[in-house]
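Here is the file work-v3.cif (mmCIF, C-alpha atoms).
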data_final
loop_
_atom_site.label_atom_id
_atom_site.label_comp_id
_atom_site.auth_asym_id
_atom_site.auth_seq_id
_atom_site.Cartn_x
_atom_site.Cartn_y
_atom_site.Cartn_z
CA MET A 1 16.06 4.12 -27.57
CA ASP A 2 13.67 6.04 -29.79
CA ASP A 3 12.37 9.35 -28.60
CA THR A 4 9.86 8.50 -25.88
CA SER A 5 8.94 12.08 -25.07
CA ARG A 6 5.41 13.31 -25.38
CA GLN A 7 3.57 16.59 -25.08
CA ILE A 8 1.33 16.70 -22.00
CA ARG A 9 -1.15 19.26 -20.70
CA PHE A 10 -2.06 19.59 -17.09
CA THR A 11 -3.18 22.11 -14.50
CA LEU A 12 -0.38 23.29 -12.24
CA ASN A 13 -1.46 25.20 -9.14
CA GLY A 14 -4.63 26.26 -10.94
CA ARG A 15 -3.02 27.31 -14.25
CA PRO A 16 -3.09 25.28 -17.46
CA VAL A 17 0.41 24.34 -18.62
CA THR A 18 2.03 22.13 -21.25
CA ALA A 19 5.36 20.34 -21.24
CA ARG A 20 7.25 17.92 -23.43
CA VAL A 21 8.34 15.08 -21.13
CA GLU A 22 10.27 11.84 -21.51
CA SER A 23 8.63 8.56 -20.49
CA HIS A 24 11.00 8.04 -17.57
CA LEU A 25 10.78 11.54 -16.09
CA ASP A 26 9.21 11.64 -12.62
CA LEU A 27 6.93 14.35 -11.32
CA VAL A 28 9.54 15.96 -9.02
CA ASP A 29 11.85 16.56 -11.97
CA LEU A 30 8.97 17.87 -14.08
CA LEU A 31 8.13 20.44 -11.38
CA ARG A 32 11.72 21.68 -11.36
CA ARG A 33 11.29 22.66 -15.01
CA PHE A 34 8.58 25.05 -13.83
CA ASP A 35 10.95 26.47 -11.18
CA LEU A 36 8.99 24.82 -8.41
CA PHE A 37 11.48 23.51 -5.86
CA GLY A 38 9.20 22.93 -2.86
CA ALA A 39 8.76 19.23 -3.63
CA ARG A 40 12.21 17.69 -3.22
CA GLU A 41 13.49 14.24 -3.88
CA SER A 42 15.13 12.87 -0.76
CA CYS A 43 14.73 9.10 -0.35
CA GLY A 44 13.39 8.55 -3.87
CA GLN A 45 11.37 5.61 -2.52
CA GLY A 46 8.12 7.13 -1.31
CA LEU A 47 9.15 6.76 2.33
CA CYS A 48 10.15 10.25 3.44
CA GLY A 49 7.40 12.51 2.12
CA CYS A 50 9.69 15.36 1.00
CA CYS A 51 8.21 15.20 -2.52
CA THR A 52 4.54 15.27 -1.45
CA VAL A 53 2.24 16.90 -4.02
CA LEU A 54 -1.46 16.52 -4.79
CA VAL A 55 -2.62 14.95 -8.04
CA ASP A 56 -6.34 15.55 -8.58
CA GLY A 57 -6.52 16.47 -4.91
CA VAL A 58 -4.91 13.26 -3.65
CA ALA A 59 -1.54 13.27 -1.84
CA VAL A 60 1.12 11.30 -3.69
CA SER A 61 4.87 10.93 -3.68
CA GLY A 62 6.12 12.88 -6.70
CA CYS A 63 9.19 10.67 -6.89
CA LEU A 64 7.01 7.59 -7.57
CA THR A 65 4.81 9.33 -10.15
CA LEU A 66 5.62 9.20 -13.86
CA ALA A 67 5.37 12.72 -15.27
CA GLN A 68 3.52 11.58 -18.40
CA LEU A 69 0.74 10.19 -16.23
CA VAL A 70 -0.28 13.64 -14.97
CA ASP A 71 -1.48 14.44 -18.50
CA GLY A 72 -4.99 15.90 -18.14
CA ARG A 73 -4.76 16.05 -14.37
CA SER A 74 -4.42 18.76 -11.79
CA VAL A 75 -1.19 19.06 -9.79
CA THR A 76 -0.96 21.14 -6.61
CA THR A 77 2.31 21.93 -4.87
CA VAL A 78 3.30 23.66 -1.65
CA GLU A 79 3.85 26.84 -3.66
CA SER A 80 0.07 27.17 -4.06
CA LEU A 81 -0.50 27.60 -0.33
CA ASP A 82 0.50 31.27 -0.04
CA GLU A 83 -0.81 32.38 -3.41
CA GLY A 84 -3.28 34.74 -1.74
CA GLY A 85 -0.28 36.63 -0.34
CA ALA A 86 -0.52 35.17 3.15
CA LEU A 87 0.92 31.94 4.51
CA SER A 88 -1.58 29.14 5.09
CA PRO A 89 -2.54 28.50 8.74
CA VAL A 90 -0.45 25.32 8.64
CA GLN A 91 2.63 27.14 7.33
CA GLN A 92 2.21 29.84 9.97
CA ALA A 93 1.81 27.24 12.73
CA PHE A 94 5.04 25.48 11.65
CA ILE A 95 6.88 28.80 11.95
CA ASP A 96 5.26 29.71 15.27
CA GLU A 97 6.07 26.32 16.81
CA GLY A 98 9.58 26.19 15.32
CA ALA A 99 8.68 22.89 13.71
CA PHE A 100 11.86 22.52 11.65
CA GLN A 101 15.57 23.03 11.73
CA CYS A 102 16.97 22.60 8.22
CA GLY A 103 13.53 22.83 6.59
CA PHE A 104 14.14 20.25 3.87
CA CYS A 105 11.20 18.06 4.91
CA THR A 106 8.88 20.96 5.76
CA PRO A 107 6.97 21.35 2.46
CA GLY A 108 6.05 17.65 2.63
CA PHE A 109 4.93 17.88 6.24
CA VAL A 110 2.91 21.02 5.47
CA MET A 111 1.18 19.38 2.49
CA MET A 112 0.37 16.22 4.45
CA THR A 113 -0.89 18.27 7.40
CA HIS A 114 -3.32 20.09 5.09
CA GLU A 115 -4.59 16.71 3.87
CA LEU A 116 -4.90 15.36 7.41
CA LEU A 117 -6.88 18.39 8.59
CA LYS A 118 -9.14 18.20 5.55
CA GLU A 119 -10.02 14.59 6.46
CA ASN A 120 -9.94 15.04 10.22
CA PRO A 121 -10.14 18.64 11.49
CA ASP A 122 -9.60 17.57 15.10
CA PRO A 123 -6.96 14.81 15.15
CA ASP A 124 -5.59 13.49 18.42
CA GLU A 125 -1.88 12.87 18.76
CA ALA A 126 -2.17 9.21 17.70
CA ALA A 127 -4.05 10.21 14.53
CA ILE A 128 -1.38 12.83 13.75
CA ARG A 129 1.41 10.29 14.25
CA ASP A 130 -0.39 7.71 12.08
CA TYR A 131 -1.04 10.12 9.25
CA LEU A 132 2.46 11.60 9.24
CA ALA A 133 4.23 8.24 9.70
CA GLY A 134 5.34 8.46 6.07
CA ASN A 135 7.13 11.80 6.56
CA LEU A 136 10.64 11.78 7.94
CA CYS A 137 12.42 14.70 9.61
CA ARG A 138 16.12 13.99 9.99
CA CYS A 139 16.47 16.93 12.39
CA ALA A 140 13.90 15.09 14.54
CA ALA A 141 11.66 18.10 15.07
CA TYR A 142 8.77 15.69 15.64
CA PRO A 143 7.53 17.11 18.99
CA GLU A 144 7.36 20.60 17.48
CA ILE A 145 5.73 19.25 14.30
CA ILE A 146 2.98 17.58 16.32
CA ARG A 147 2.43 20.82 18.23
CA ALA A 148 2.32 22.73 14.94
CA VAL A 149 -0.39 20.40 13.61
CA GLN A 150 -2.40 20.86 16.80
CA THR A 151 -1.95 24.64 16.67
CA ALA A 152 -3.01 24.75 13.01
CA ALA A 153 -6.04 22.58 13.78
CA THR A 154 -7.12 24.86 16.63
CA ARG A 155 -6.69 28.03 14.57
CA MET A 156 -8.51 26.59 11.57
CA LYS A 157 -11.42 25.49 13.76
CA THR A 158 -11.57 28.95 15.36
CA ALA A 159 -11.48 30.63 11.94
CA GLN A 160 -14.22 28.30 10.73
CA ALA A 161 -16.42 29.12 13.74
CA ALA A 162 -15.94 32.89 13.32
CA MET B 1 15.75 5.30 -15.38
CA ARG B 2 15.84 4.94 -19.16
CA GLY B 3 13.14 5.68 -21.69
CA PHE B 4 10.44 3.18 -22.56
CA GLU B 5 7.17 3.04 -24.44
CA LEU B 6 4.21 4.04 -22.25
CA VAL B 7 0.87 2.96 -23.66
CA HIS B 8 -2.64 3.67 -22.41
CA PRO B 9 -5.24 1.02 -23.24
CA ALA B 10 -8.88 1.97 -22.69
CA SER B 11 -10.16 -1.52 -21.88
CA LEU B 12 -9.06 -4.70 -20.15
CA GLY B 13 -9.10 -6.57 -23.48
CA GLU B 14 -6.87 -3.99 -25.11
CA ALA B 15 -4.47 -4.09 -22.13
CA ILE B 16 -4.19 -7.87 -22.39
CA LYS B 17 -3.41 -7.61 -26.11
CA LEU B 18 -0.65 -5.11 -25.38
CA LEU B 19 0.78 -7.42 -22.70
CA ASP B 20 0.49 -10.62 -24.72
CA THR B 21 4.10 -10.96 -25.82
CA ASP B 22 7.03 -13.19 -24.88
CA ASP B 23 9.03 -10.12 -23.86
CA PRO B 24 9.34 -9.98 -20.05
CA THR B 25 10.29 -6.28 -20.22
CA VAL B 26 6.67 -5.51 -21.17
CA ARG B 27 4.79 -5.06 -17.89
CA PRO B 28 1.48 -3.68 -16.61
CA PHE B 29 1.63 -0.48 -14.55
CA SER B 30 -1.20 0.23 -12.10
CA GLY B 31 -0.24 2.36 -9.07
CA GLY B 32 3.39 1.87 -9.95
CA THR B 33 4.68 2.41 -6.40
CA ALA B 34 6.57 -0.91 -6.35
CA LEU B 35 7.62 -1.00 -10.01
CA MET B 36 9.00 2.55 -9.81
CA LEU B 37 11.37 1.44 -7.04
CA MET B 38 12.67 -1.39 -9.23
CA MET B 39 13.03 0.94 -12.21
CA LYS B 40 14.85 3.59 -10.18
CA ALA B 41 17.18 0.99 -8.72
CA GLY B 42 17.91 -0.29 -12.24
CA VAL B 43 16.69 -3.77 -11.27
CA PHE B 44 14.00 -3.57 -13.94
CA GLN B 45 14.22 -1.75 -17.27
CA PRO B 46 10.94 -1.88 -19.14
CA SER B 47 10.72 -1.70 -22.91
CA ARG B 48 6.99 -1.04 -22.63
CA LEU B 49 4.73 -0.19 -19.72
CA VAL B 50 1.01 -0.71 -20.12
CA ASP B 51 -0.70 1.97 -18.01
CA LEU B 52 -3.89 0.52 -16.55
CA GLY B 53 -5.22 3.92 -15.45
CA GLY B 54 -7.63 4.10 -18.39
CA ILE B 55 -9.48 0.94 -17.39
CA GLU B 56 -9.72 1.97 -13.76
CA PRO B 57 -13.35 3.01 -13.19
CA GLU B 58 -14.78 -0.29 -14.34
CA HIS B 59 -12.37 -2.37 -12.26
CA ALA B 60 -12.08 -0.36 -9.05
CA ALA B 61 -15.36 -1.21 -7.33
CA VAL B 62 -15.24 -2.40 -3.71
CA GLU B 63 -18.43 -4.06 -2.54
CA ALA B 64 -19.92 -6.59 -0.20
CA THR B 65 -21.53 -9.63 -1.77
CA GLY B 66 -24.99 -10.81 -0.73
CA ASP B 67 -23.55 -13.87 1.04
CA GLY B 68 -21.30 -11.92 3.43
CA GLY B 69 -18.15 -11.86 1.34
CA LEU B 70 -16.38 -9.11 -0.59
CA LYS B 71 -15.42 -8.28 -4.14
CA LEU B 72 -12.51 -5.90 -4.60
CA GLY B 73 -11.79 -4.60 -8.09
CA ALA B 74 -8.09 -5.01 -8.81
CA MET B 75 -7.70 -1.30 -9.61
CA ALA B 76 -9.10 -0.20 -6.24
CA THR B 77 -6.47 1.75 -4.32
CA LEU B 78 -5.40 0.47 -0.94
CA ALA B 79 -6.84 3.70 0.55
CA GLN B 80 -10.21 2.95 -1.03
CA VAL B 81 -10.22 -0.55 0.48
CA GLU B 82 -9.05 0.83 3.84
CA ARG B 83 -11.91 3.34 3.98
CA SER B 84 -14.71 1.12 2.65
CA ALA B 85 -17.54 0.63 5.15
CA ASP B 86 -18.24 -2.78 3.55
CA VAL B 87 -14.65 -3.91 4.12
CA MET B 88 -14.73 -2.64 7.71
CA ARG B 89 -17.87 -4.68 8.36
CA VAL B 90 -16.96 -7.90 6.52
CA ALA B 91 -13.20 -8.06 7.08
CA PRO B 92 -12.04 -5.53 9.72
CA VAL B 93 -8.62 -7.20 9.75
CA ILE B 94 -7.92 -5.52 6.38
CA PRO B 95 -8.25 -1.87 7.49
CA ARG B 96 -6.38 -2.73 10.71
CA ALA B 97 -3.46 -4.09 8.65
CA MET B 98 -3.51 -1.02 6.39
CA LYS B 99 -2.59 1.29 9.26
CA ARG B 100 0.96 -0.04 9.18
CA LEU B 101 1.19 -0.74 5.45
CA ALA B 102 3.59 1.74 3.81
CA ASN B 103 2.11 5.23 4.30
CA VAL B 104 -0.86 7.40 3.34
CA ARG B 105 0.60 8.49 -0.02
CA VAL B 106 1.51 4.98 -1.12
CA ARG B 107 -1.91 3.68 -0.04
CA ASN B 108 -3.50 6.50 -2.06
CA VAL B 109 -1.83 5.21 -5.21
CA ALA B 110 -1.02 1.49 -4.89
CA ARG B 111 -3.69 -0.90 -6.25
CA ILE B 112 -4.84 -4.12 -4.68
CA GLY B 113 -4.24 -6.11 -7.88
CA GLY B 114 -0.71 -4.80 -8.29
CA ASN B 115 0.04 -5.47 -4.64
CA LEU B 116 -0.69 -9.17 -5.24
CA ALA B 117 0.76 -9.47 -8.75
CA HIS B 118 4.10 -7.96 -7.74
CA GLY B 119 4.94 -11.22 -5.93
CA ASP B 120 6.94 -9.49 -3.20
CA PRO B 121 6.94 -11.83 -0.16
CA HIS B 122 7.25 -8.85 2.22
CA MET B 123 3.85 -7.39 1.36
CA ASP B 124 1.17 -7.42 4.09
CA LEU B 125 -1.95 -8.06 2.04
CA PRO B 126 -1.11 -11.47 0.55
CA PRO B 127 -1.06 -13.18 3.98
CA VAL B 128 -4.13 -11.24 5.14
CA LEU B 129 -6.24 -11.91 2.03
CA SER B 130 -5.20 -15.57 1.83
CA SER B 131 -5.99 -16.15 5.52
CA LEU B 132 -9.48 -14.91 4.69
CA GLY B 133 -9.73 -17.60 1.99
CA GLY B 134 -9.39 -15.07 -0.84
CA GLU B 135 -9.16 -15.86 -4.53
CA VAL B 136 -8.27 -13.76 -7.53
CA ALA B 137 -10.13 -13.71 -10.83
CA VAL B 138 -7.48 -13.51 -13.53
CA THR B 139 -8.11 -12.54 -17.16
CA GLY B 140 -5.67 -13.34 -19.94
CA PRO B 141 -5.45 -14.15 -23.63
CA ALA B 142 -6.89 -17.62 -22.94
CA GLY B 143 -9.86 -16.33 -20.93
CA GLU B 144 -10.57 -16.15 -17.23
CA ARG B 145 -9.50 -18.38 -14.35
CA ARG B 146 -9.67 -18.30 -10.56
CA ILE B 147 -6.60 -18.78 -8.38
CA ALA B 148 -6.57 -19.11 -4.58
CA ILE B 149 -4.28 -16.37 -3.25
CA GLU B 150 -2.43 -18.96 -1.16
CA SER B 151 -1.42 -20.60 -4.47
CA LEU B 152 -0.66 -17.39 -6.38
CA PHE B 153 3.03 -17.23 -5.52
CA SER B 154 5.56 -19.64 -6.97
CA GLY B 155 8.76 -18.16 -5.54
CA TYR B 156 10.61 -15.04 -4.46
CA TYR B 157 8.93 -12.26 -6.51
CA GLU B 158 7.37 -14.97 -8.69
CA THR B 159 3.72 -15.72 -9.32
CA VAL B 160 1.85 -18.33 -11.32
CA LEU B 161 0.45 -15.57 -13.55
CA SER B 162 1.61 -15.87 -17.12
CA GLN B 163 2.67 -12.97 -19.29
CA GLY B 164 -0.47 -11.22 -20.50
CA GLU B 165 -2.62 -12.26 -17.53
CA LEU B 166 -4.04 -9.58 -15.26
CA ILE B 167 -5.71 -9.88 -11.88
CA ARG B 168 -9.19 -8.46 -12.45
CA GLN B 169 -10.79 -8.92 -9.05
CA VAL B 170 -10.15 -10.19 -5.54
CA ILE B 171 -12.96 -12.35 -4.16
CA LEU B 172 -13.35 -13.06 -0.45
CA PRO B 173 -15.78 -15.78 0.69
CA PRO B 174 -18.34 -15.16 3.45
CA GLN B 175 -16.54 -14.20 6.68
CA ARG B 176 -19.35 -14.76 9.18
CA GLY B 177 -18.10 -16.75 12.16
CA TRP B 178 -14.40 -16.25 11.33
CA ALA B 179 -12.07 -14.34 13.67
CA SER B 180 -8.92 -12.95 12.10
CA ALA B 181 -5.71 -11.13 12.94
CA TYR B 182 -2.52 -10.00 11.23
CA MET B 183 0.73 -9.23 12.97
CA LYS B 184 4.07 -8.27 11.58
CA CYS B 185 7.48 -7.81 13.09
CA THR B 186 9.85 -5.16 11.77
CA THR B 187 13.33 -5.70 13.18
CA ARG B 188 15.20 -2.59 12.00
CA SER B 189 12.81 0.39 12.13
CA ALA B 190 9.07 0.59 12.66
CA ASP B 191 8.41 1.39 8.98
CA ASP B 192 10.82 -1.20 7.55
CA TRP B 193 9.69 -4.14 5.47
CA PRO B 194 8.74 -6.91 7.89
CA ALA B 195 11.06 -9.71 8.95
CA LEU B 196 7.88 -11.71 9.52
CA GLY B 197 4.18 -11.43 8.79
CA VAL B 198 1.60 -13.82 10.29
CA ALA B 199 -2.08 -13.83 9.36
CA VAL B 200 -4.53 -16.16 11.08
CA SER B 201 -8.21 -16.82 10.66
CA LEU B 202 -10.18 -19.07 12.98
CA LYS B 203 -13.66 -20.50 12.86
CA LEU B 204 -14.89 -21.24 16.36
CA THR B 205 -17.92 -23.45 16.89
CA ASP B 206 -19.23 -24.34 20.36
CA GLY B 207 -16.01 -23.10 21.92
CA ALA B 208 -13.70 -25.22 19.76
CA VAL B 209 -11.60 -24.45 16.69
CA GLN B 210 -13.55 -25.95 13.82
CA ASP B 211 -11.35 -24.63 11.02
CA SER B 212 -8.37 -22.34 10.60
CA ARG B 213 -6.03 -20.74 8.08
CA ILE B 214 -2.55 -19.74 9.21
CA MET B 215 -0.25 -17.93 6.77
CA VAL B 216 3.34 -16.77 7.09
CA SER B 217 5.12 -14.29 4.83
CA ALA B 218 8.34 -12.27 4.71
CA ALA B 219 10.26 -14.84 6.79
CA THR B 220 9.85 -17.40 4.01
CA GLU B 221 10.71 -17.30 0.31
CA LYS B 222 7.06 -16.94 -0.55
CA LEU B 223 3.70 -16.78 1.17
CA THR B 224 3.21 -20.14 2.90
CA ARG B 225 0.22 -21.81 4.48
CA LEU B 226 1.12 -23.64 7.70
CA ALA B 227 -0.87 -26.85 7.47
CA ALA B 228 0.71 -28.56 10.50
CA ALA B 229 -0.07 -25.57 12.71
CA GLU B 230 -3.67 -25.67 11.49
CA ALA B 231 -3.88 -29.41 12.17
CA ALA B 232 -2.60 -28.84 15.72
CA LEU B 233 -5.52 -26.51 16.34
CA GLU B 234 -8.30 -28.60 14.89
CA GLY B 235 -10.96 -29.35 17.47
CA ALA B 236 -8.92 -27.71 20.24
CA GLN B 237 -10.22 -25.30 22.86
CA PRO B 238 -8.77 -21.89 21.98
CA GLY B 239 -6.23 -20.92 24.61
CA GLU B 240 -2.60 -20.81 25.53
CA ALA B 241 -1.94 -24.55 25.41
CA ALA B 242 -3.45 -25.07 21.97
CA PHE B 243 -1.83 -21.92 20.60
CA ALA B 244 1.59 -23.05 21.88
CA ARG B 245 1.16 -26.41 20.12
CA ALA B 246 0.24 -24.64 16.88
CA ALA B 247 3.21 -22.27 17.25
CA ASP B 248 5.63 -25.17 17.75
CA ALA B 249 4.20 -26.92 14.69
CA ALA B 250 4.58 -23.68 12.70
CA ALA B 251 8.20 -23.28 13.78
CA THR B 252 8.94 -26.86 12.74
CA GLU B 253 7.30 -26.73 9.33
CA ALA B 254 8.14 -23.22 8.04
CA GLU B 255 11.22 -22.91 5.85
CA THR B 256 12.48 -19.54 7.00
CA ILE B 257 15.27 -17.77 5.11
CA ASP B 258 18.19 -15.51 6.08
CA ASP B 259 18.26 -11.92 5.00
CA ALA B 260 19.27 -8.48 6.27
CA ARG B 261 16.32 -8.52 8.67
CA GLY B 262 17.42 -11.61 10.55
CA SER B 263 18.76 -15.14 10.32
CA ALA B 264 16.51 -18.09 9.52
CA GLU B 265 16.88 -19.34 13.11
CA TYR B 266 15.85 -15.98 14.52
CA LYS B 267 12.83 -15.79 12.24
CA THR B 268 11.78 -19.28 13.28
CA GLU B 269 11.71 -18.09 16.90
CA LEU B 270 9.83 -14.95 15.85
CA LEU B 271 7.32 -17.17 14.10
CA ARG B 272 6.83 -19.29 17.24
CA VAL B 273 6.09 -16.15 19.26
CA TYR B 274 3.97 -14.37 16.67
CA VAL B 275 1.74 -17.34 15.81
CA LYS B 276 0.76 -17.51 19.48
CA ARG B 277 0.18 -13.75 19.66
CA ALA B 278 -1.78 -13.62 16.42
CA LEU B 279 -4.07 -16.49 17.47
CA ALA B 280 -4.77 -14.78 20.81
CA GLU B 281 -5.37 -11.50 19.00
CA ALA B 282 -7.85 -13.15 16.60
CA VAL B 283 -9.82 -14.50 19.55
CA ARG B 284 -9.77 -11.05 21.16
CA ASN B 285 -10.94 -9.44 17.90
CA GLY B 286 -13.88 -11.85 17.85
CA ALA B 287 -15.78 -13.40 15.00
CA VAL B 288 -17.34 -11.35 12.18
CA GLN B 289 -21.10 -11.26 12.66
#
If you convert what's in this file into structure tokens, what do you get?
Amino acid sequence: MDDTSRQIRFTLNGRPVTARVESHLDLVDLLRRFDLFGARESCGQGLCGCCTVLVDGVAVSGCLTLAQLVDGRSVTTVESLDEGGALSPVQQAFIDEGAFQCGFCTPGFVMMTHELLKENPDPDEAAIRDYLAGNLCRCAAYPEIIRAVQTAATRMKTAQAA
Amino acid sequence: MRGFELVHPASLGEAIKLLDTDDPTVRPFSGGTALMLMMKAGVFQPSRLVDLGGIEPEHAAVEATGDGGLKLGAMATLAQVERSADVMRVAPVIPRAMKRLANVRVRNVARIGGNLAHGDPHMDLPPVLSSLGGEVAVTGPAGERRIAIESLFSGYYETVLSQGELIRQVILPPQRGWASAYMKCTTRSADDWPALGVAVSLKLTDGAVQDSRIMVSAATEKLTRLAAAEAALEGAQPGEAAFARAADAAATEAETIDDARGSAEYKTELLRVYVKRALAEAVRNGAVQ
């Protein structure tokens, strides 16, 4: 096959970057070239949520995204969440509630929880379960994860009111 | 995955030109969530993918029509359709079905046109949209044509679309007076592809079933309309007795197939149960005003 690589420019966690990428490279593998390992490929089928990133502010599965198609777009990963030096309220809530064992799925859950709380700052348990149905935790920390989402929601509402 | 040519047309016409070849390894790419799975599994190796992202804005509108129907641009994401107030009002069965369709990320990316064109008999929207009497407007090198969604599929992962044709829009007729429901049965895990999908739509007049559309998917090789089940309902009072007659007719006429999610015999029994449940659910949901 001829060289199918192409130079792309995109915004990565707020900074403009360029990369030369092959047509068949997916977004998870592209992020690894920038030493970003928070989005991981687990199922490789868009089912498990471990590779959740935002493209132009929309949550997607990095494993189902062709890297060349983020040309001109903005990509946000879990690594952006503590850029101010402090963990995000969602990250802190996951720690406080012990919402993981091995931690492999955690970046995906944290990213999806941020999206959920952006759309619905006060989700009930059914809404949390619906929204996170596409994130799998093989350690089965689901009860703690749901508590972490509720804790994060409460703290973010309190912070907002203050 | 192996390398391929990835091209970015700026208009529908340009996309059709790039797709107008005899080479079946040249394919359109919209959300890509289904095609990526095939490419990763090595089932499909494209020589050229035609990225439809550049023609998106013009073909992603979701809107109610003046007569009480809907027009869905083929490049609308499933999330966009799910969240549309027009869709919720005209065809609430669609957002209800979306809740258990893949997951939030896939719905953010997958497009309604690609969902239909992929020809996968396990998808939820083909039975739903066809039970609502939906059609697709298809544009190709020879111009535009309309195809009823119930006639779009010619086999397992096969459609009647020819190479170079693209679904441009989904058109739903007026839904006033129709009551609809979709039910699916997943036999392995809650988020698995369904072993069976049943979509029903009923028009009730003066307490009797005046018209109906009953569709089965996943349990059959392709989306199938169950004409005998519909005939069993015609003129009947909606209720357990009529629904049982329709379910028996459905079980007799549907050609279910074996796969990892169940034997053909098992799926036939599932169909008998789910047709009854879906009809009762449609009545409970009530007619669209």
*Would you mind telling me which residue in B:Val138, B:Val198, B:Ala190, B:Ala64 lies nearest to Leu101 in chain B when using all atoms listed in the file?*
B:Ala190
*Translate the PyMOL selection byres ((chain B) within 10 of (chain A)), as applied to the file shown, into an explicit residue set as a ChimeraX atom specification.*
/B:1-6,8,31-41,47-49,51,53,99-100,102-109,190-192
*Starting from the displayed file, determine the output of the PyMOL selection byres ((chain B and resi 245-250) around 7) and express the residue list as a list in words.*
Leu226, Ala228, Ala229, Glu230, Ala232, Leu233, Ala241, Ala242, Phe243, Ala244, Ala251, Thr252, Glu253, Ala254, Arg272, Val275 and Lys276 of chain B
*Contacts of range 71-74 of chain A within 8 Å, only C-alpha atoms, excl. fewer than 5 positions in-chain, as a PyMOL selection string*: chain A and resi 8-14+54-57
*Find the residues around Ser154 in chain B up to 10 Å (only C-alpha atoms counted), leave out those fewer than 4 positions away in its own chain, and share them as a VMD selection string.*
chain B and resid 119 150 158 to 161 221 to 223
*Spell out the residues picked by the PyMOL selection byres ((chain B and resi 122-126) around 8) here, as a ChimeraX atom specification.*
/B:94,97,101,115-116,120-121,127-130,149-150,193-197,217-218,223
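Across the model, the gap from CA of Ser180 in chain B to CA of Gln237 in chain B is 16.4 Å.
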Draw an axis-aligned box over all listed atoms of range 13-21 of chain A, pad each side with 4 Å, and write its centre and edge lengths in Å, one decimal, as JSON.
{"center_x": 1.9, "center_y": 21.2, "center_z": -16.3, "size_x": 21.0, "size_y": 20.2, "size_z": 22.3}
*asked:* I'd like the contact shell of range 80-87 of chain B - 10 Å cut-off, only C-alpha atoms, skipping same-chain residues fewer than 2 positions apart - returned as a count of residues only.
replied: 32
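Between CA of Cys50 in chain A and CA of Lys118 in chain A the separation is 19.6 Å.
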_Between CA of Gln101 in chain A and CA of Thr187 in chain B, what distance in Å does the model show, to one decimal?_
28.9 Å
*Which is closest to Thr151 in chain A among A:Thr76, A:Gln91, A:Thr18, A:Ser42, if we use only C-alpha atoms?*
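Using only C-alpha atoms, Thr151 in chain A sits closest to A:Gln91.
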*Given all atoms listed in the file as the counted atoms, nearest of A:Cys105, A:Ile145, A:Val90, A:Ala153 to Pro121 in chain A*: A:Ala153
*Closest to Cys185 in chain B among B:Glu269, B:Asp258, B:Asp206, B:Glu234, using all atoms listed in the file?*
B:Glu269
*Pick out the residues sitting within 8 Å of range 79-89 of chain A, and hand them over as a list of chain:residue names; count all atoms listed in the file, and ignore anything fewer than 2 positions along from it in its own chain.*
A:Asn13, A:Leu36, A:Gly38, A:Thr76, A:Thr77, A:Gln91, A:Gln92, A:Ala93, A:Ala152, A:Arg155, A:Met156
Would you kindly place N, CA and C atoms on range 162-172 of chain B and return the model as a PDB file, keeping the file's coordinate frame?
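The new file result_9.pdb reads:
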ATOM      1  N   SER B 162       0.758 -15.874 -15.934  1.00  0.00           N
ATOM      2  CA  SER B 162       1.610 -15.870 -17.120  1.00  0.00           C
ATOM      3  C   SER B 162       1.584 -14.492 -17.761  1.00  0.00           C
ATOM      4  N   GLN B 163       2.571 -14.248 -18.590  1.00  0.00           N
ATOM      5  CA  GLN B 163       2.670 -12.970 -19.290  1.00  0.00           C
ATOM      6  C   GLN B 163       1.339 -12.713 -20.011  1.00  0.00           C
ATOM      7  N   GLY B 164       0.802 -11.531 -19.847  1.00  0.00           N
ATOM      8  CA  GLY B 164      -0.470 -11.220 -20.500  1.00  0.00           C
ATOM      9  C   GLY B 164      -1.681 -11.420 -19.598  1.00  0.00           C
ATOM     10  N   GLU B 165      -1.492 -12.093 -18.459  1.00  0.00           N
ATOM     11  CA  GLU B 165      -2.620 -12.260 -17.530  1.00  0.00           C
ATOM     12  C   GLU B 165      -2.657 -11.107 -16.533  1.00  0.00           C
ATOM     13  N   LEU B 166      -3.854 -10.655 -16.232  1.00  0.00           N
ATOM     14  CA  LEU B 166      -4.040  -9.580 -15.260  1.00  0.00           C
ATOM     15  C   LEU B 166      -5.038 -10.021 -14.190  1.00  0.00           C
ATOM     16  N   ILE B 167      -4.724  -9.672 -12.939  1.00  0.00           N
ATOM     17  CA  ILE B 167      -5.710  -9.880 -11.880  1.00  0.00           C
ATOM     18  C   ILE B 167      -6.827  -8.861 -12.093  1.00  0.00           C
ATOM     19  N   ARG B 168      -8.048  -9.352 -12.187  1.00  0.00           N
ATOM     20  CA  ARG B 168      -9.190  -8.460 -12.450  1.00  0.00           C
ATOM     21  C   ARG B 168      -9.931  -8.123 -11.164  1.00  0.00           C
ATOM     22  N   GLN B 169      -9.980  -9.096 -10.256  1.00  0.00           N
ATOM     23  CA  GLN B 169     -10.790  -8.920  -9.050  1.00  0.00           C
ATOM     24  C   GLN B 169     -10.280  -9.836  -7.937  1.00  0.00           C
ATOM     25  N   VAL B 170     -10.431  -9.359  -6.712  1.00  0.00           N
ATOM     26  CA  VAL B 170     -10.150 -10.190  -5.540  1.00  0.00           C
ATOM     27  C   VAL B 170     -11.502 -10.578  -4.944  1.00  0.00           C
ATOM     28  N   ILE B 171     -11.682 -11.874  -4.678  1.00  0.00           N
ATOM     29  CA  ILE B 171     -12.960 -12.350  -4.160  1.00  0.00           C
ATOM     30  C   ILE B 171     -12.740 -12.981  -2.786  1.00  0.00           C
ATOM     31  N   LEU B 172     -13.440 -12.472  -1.787  1.00  0.00           N
ATOM     32  CA  LEU B 172     -13.350 -13.060  -0.450  1.00  0.00           C
ATOM     33  C   LEU B 172     -14.657 -13.784  -0.146  1.00  0.00           C
TER      34      LEU B 172
END
